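Enquirer: Starting off with a structure, shown below.
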Amino acid sequence: SKKAFIFDLDGVVVDTAKFHFVAWQRLAVSLGINFTEEENEQLKGVSRVRSLEKILKWGNKEIDQKTFEEKLIQKNEEYLEMVETLTQEDILPGVHDFLLRLRESEQPIALGSASKNARPILKKLGIYDLFDAIVDGTDVSKAKPDPEVFLNACQLLNMPAKNAVVFEDSIAGVQAANNAGMISIGLGDQKNLSEADEVFESFLEMPTDYQHQLLNK
Ligand code: B16
Ligand code: MG
């Protein structure tokens with residue numbers, strides 16, 4: 001029977017975390033805050049506004065509302081400049097083939113991301129048209145681990161949540177899928193993602209028989 005296949009964007013389809021890191025670090029430096037790669041890890045799946053709040057808290061800094069908004073605009077402009085350099089080669093290993101396989105077997109595909117830049121990024125990567133539905137940071141009000149983003153995706157695909165499979169690289173994202181009663185598949189480190197139903201290092205590590213099972217069950 002058919003399933004809904006829902007993909008997170010950053011860390012699942014493409015590695016934009018490195019761009020976010022550079023842009024956040026520039027912002028932190030401009031405020032005299034030291035921002036590390038470990039801290040950047042904790043911003044995965046976290047919204048733009050919430051990310052800046054966290055950075056300010058870690059750096060023990062307070063800024064007024066106007067500066068806060070200016071800094072966010074600047075961060076996003078720098079991030080988008082780096083996004084401009086993305087090509088199809090930046091799609092994470094195995095993802096493109098897997099998407100094509102899903103389309104061949106006419107399985108519904110959605111994107112479920114916290115990013116407000118999801119649409120331009122998918123267009124840059126040349127895979128926008130492979131998605132039947134896109135739910136991103138411009139469509140949802142409650143952040144992961146709230147299941148809103150994935151439930152909205154199912155609604156757009158006209159599929160029940162219990163028939164949905166979610167691919168996620170963040171703990172909050174795995175929890176969001178679990179909270180929605182969906183099958184959660186973690187991509188990345190087993191240690192971080194132990195709450196997921198299955199974890200693979202990348203799509204290349206997903207065994208063929210497991211893929212068949214997903215597609216046919
Ligand atoms: P933007 P995902 C998330 O995307 C990123 O993991 C997170 O680092 C980022 O801050 C957030 O999107 C917001 O992105 O600034 O582009 O709106 O992993 O949910 O696809
Ligand atoms: Mg992610």
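Here's how to read the names in the structure tokens: chain A, B, ... by the order shown, residue numbers from 1 in each chain, ligand numbers from 1 in the order shown.
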Counting only C-alpha atoms and all ligand atoms, what are the residues, protein, DNA or RNA alike, that approach ligand 2 to within 12 Å? I want them as a PDB file with C-alpha atoms, in the first residue's frame.
Expert:
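Below is the file pocket.pdb, written as the result:
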ATOM      1  CA  PHE A   7      11.969  14.420   4.194  1.00  0.00           C
ATOM      2  CA  ASP A   8      13.581  16.953   6.487  1.00  0.00           C
ATOM      3  CA  LEU A   9      15.772  19.369   4.476  1.00  0.00           C
ATOM      4  CA  ASP A  10      18.920  20.471   6.311  1.00  0.00           C
ATOM      5  CA  GLY A  11      20.990  17.425   7.223  1.00  0.00           C
ATOM      6  CA  VAL A  12      18.855  14.950   5.255  1.00  0.00           C
ATOM      7  CA  VAL A  13      18.620  16.265   1.685  1.00  0.00           C
ATOM      8  CA  VAL A  14      21.517  18.738   1.797  1.00  0.00           C
ATOM      9  CA  ASP A  15      24.247  19.763   4.216  1.00  0.00           C
ATOM     10  CA  THR A  16      23.535  23.424   4.771  1.00  0.00           C
ATOM     11  CA  ALA A  17      24.544  23.244   8.447  1.00  0.00           C
ATOM     12  CA  HIS A  20      24.359  28.230   8.919  1.00  0.00           C
ATOM     13  CA  GLU A  41      24.972  21.270  16.569  1.00  0.00           C
ATOM     14  CA  GLN A  42      22.320  22.330  19.045  1.00  0.00           C
ATOM     15  CA  LEU A  43      20.789  24.699  16.485  1.00  0.00           C
ATOM     16  CA  LYS A  44      19.919  21.929  14.039  1.00  0.00           C
ATOM     17  CA  GLY A  45      16.184  21.942  13.346  1.00  0.00           C
ATOM     18  CA  VAL A  46      15.802  25.085  15.484  1.00  0.00           C
ATOM     19  CA  SER A  47      14.115  28.158  13.950  1.00  0.00           C
ATOM     20  CA  LEU A 111       9.290  18.028   2.549  1.00  0.00           C
ATOM     21  CA  GLY A 112       8.924  18.899   6.242  1.00  0.00           C
ATOM     22  CA  SER A 113      11.462  21.529   7.282  1.00  0.00           C
ATOM     23  CA  ALA A 114      11.877  24.299   9.849  1.00  0.00           C
ATOM     24  CA  SER A 115      13.656  26.439   7.258  1.00  0.00           C
ATOM     25  CA  ALA A 118      13.342  25.480   1.756  1.00  0.00           C
ATOM     26  CA  ASP A 136       8.430  24.680   5.732  1.00  0.00           C
ATOM     27  CA  LYS A 144       9.707  20.337  16.178  1.00  0.00           C
ATOM     28  CA  PRO A 145       9.333  18.230  18.426  1.00  0.00           C
ATOM     29  CA  VAL A 166       9.862  10.533   8.189  1.00  0.00           C
ATOM     30  CA  PHE A 167      13.581  10.977   7.468  1.00  0.00           C
ATOM     31  CA  GLU A 168      15.305  13.185  10.047  1.00  0.00           C
ATOM     32  CA  ASP A 169      18.789  14.092  11.242  1.00  0.00           C
ATOM     33  CA  SER A 170      17.803  15.942  14.429  1.00  0.00           C
ATOM     34  CA  ILE A 171      16.586  14.603  17.744  1.00  0.00           C
ATOM     35  CA  ALA A 172      13.712  17.108  17.838  1.00  0.00           C
ATOM     36  CA  GLY A 173      12.694  15.993  14.345  1.00  0.00           C
ATOM     37  CA  VAL A 174      12.690  12.300  15.291  1.00  0.00           C
ATOM     38  CA  ALA A 176       8.176  15.146  16.140  1.00  0.00           C
ATOM     39  CA  GLY A 186      17.169   8.759  11.645  1.00  0.00           C
ATOM     40  CA  LEU A 187      20.031   9.706   9.355  1.00  0.00           C
ATOM     41  CA  GLY A 188      23.309  10.201  11.143  1.00  0.00           C
TER      42      GLY A 188
END
Enquirer: Which residues come within 8 Å of A:Tyr128, counting only C-alpha atoms, excluding same-chain residues fewer than 4 positions away, as a VMD selection string?
Expert: chain A and resid 119 122 to 123
Enquirer: For the selection just defined, write its residues with C-alpha atoms to a file, as a tab-separated table (two decimals), in the first residue's frame.
Expert:
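Below is the file selection-v6.tsv, written as the result:
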chain	number	residue	atom	x	y	z
A	119	ARG	CA	11.78	26.30	-1.61
A	122	LEU	CA	15.23	22.77	-3.49
A	123	LYS	CA	15.11	24.82	-6.70
Enquirer: Any chance you could list, as a VMD selection string, the residues in chain A that come up helix (DSSP H, G or I) when DSSP is run on the backbone?
Expert: chain A and resid 17 to 30 37 to 41 48 to 58 65 to 83 88 to 90 95 to 104 118 to 125 128 to 130 148 to 157 161 to 163 171 to 179 203 to 205 208 to 216
Enquirer: Determine the nearest neighbour of ligand 1 from the options A:Ser1, A:Asn152, A:Thr67, A:Asn117, counting only C-alpha atoms and all ligand atoms.
Expert: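 Counting only C-alpha atoms and all ligand atoms, the residue closest to ligand 1 is A:Asn117.
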Enquirer: What's the separation between atom CA of A:Leu125 and atom CA of A:Gln74, in Å to one decimal place?
Expert: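 If I compute the distance from atom CA of A:Leu125 to atom CA of A:Gln74, I get 23.4 Å.
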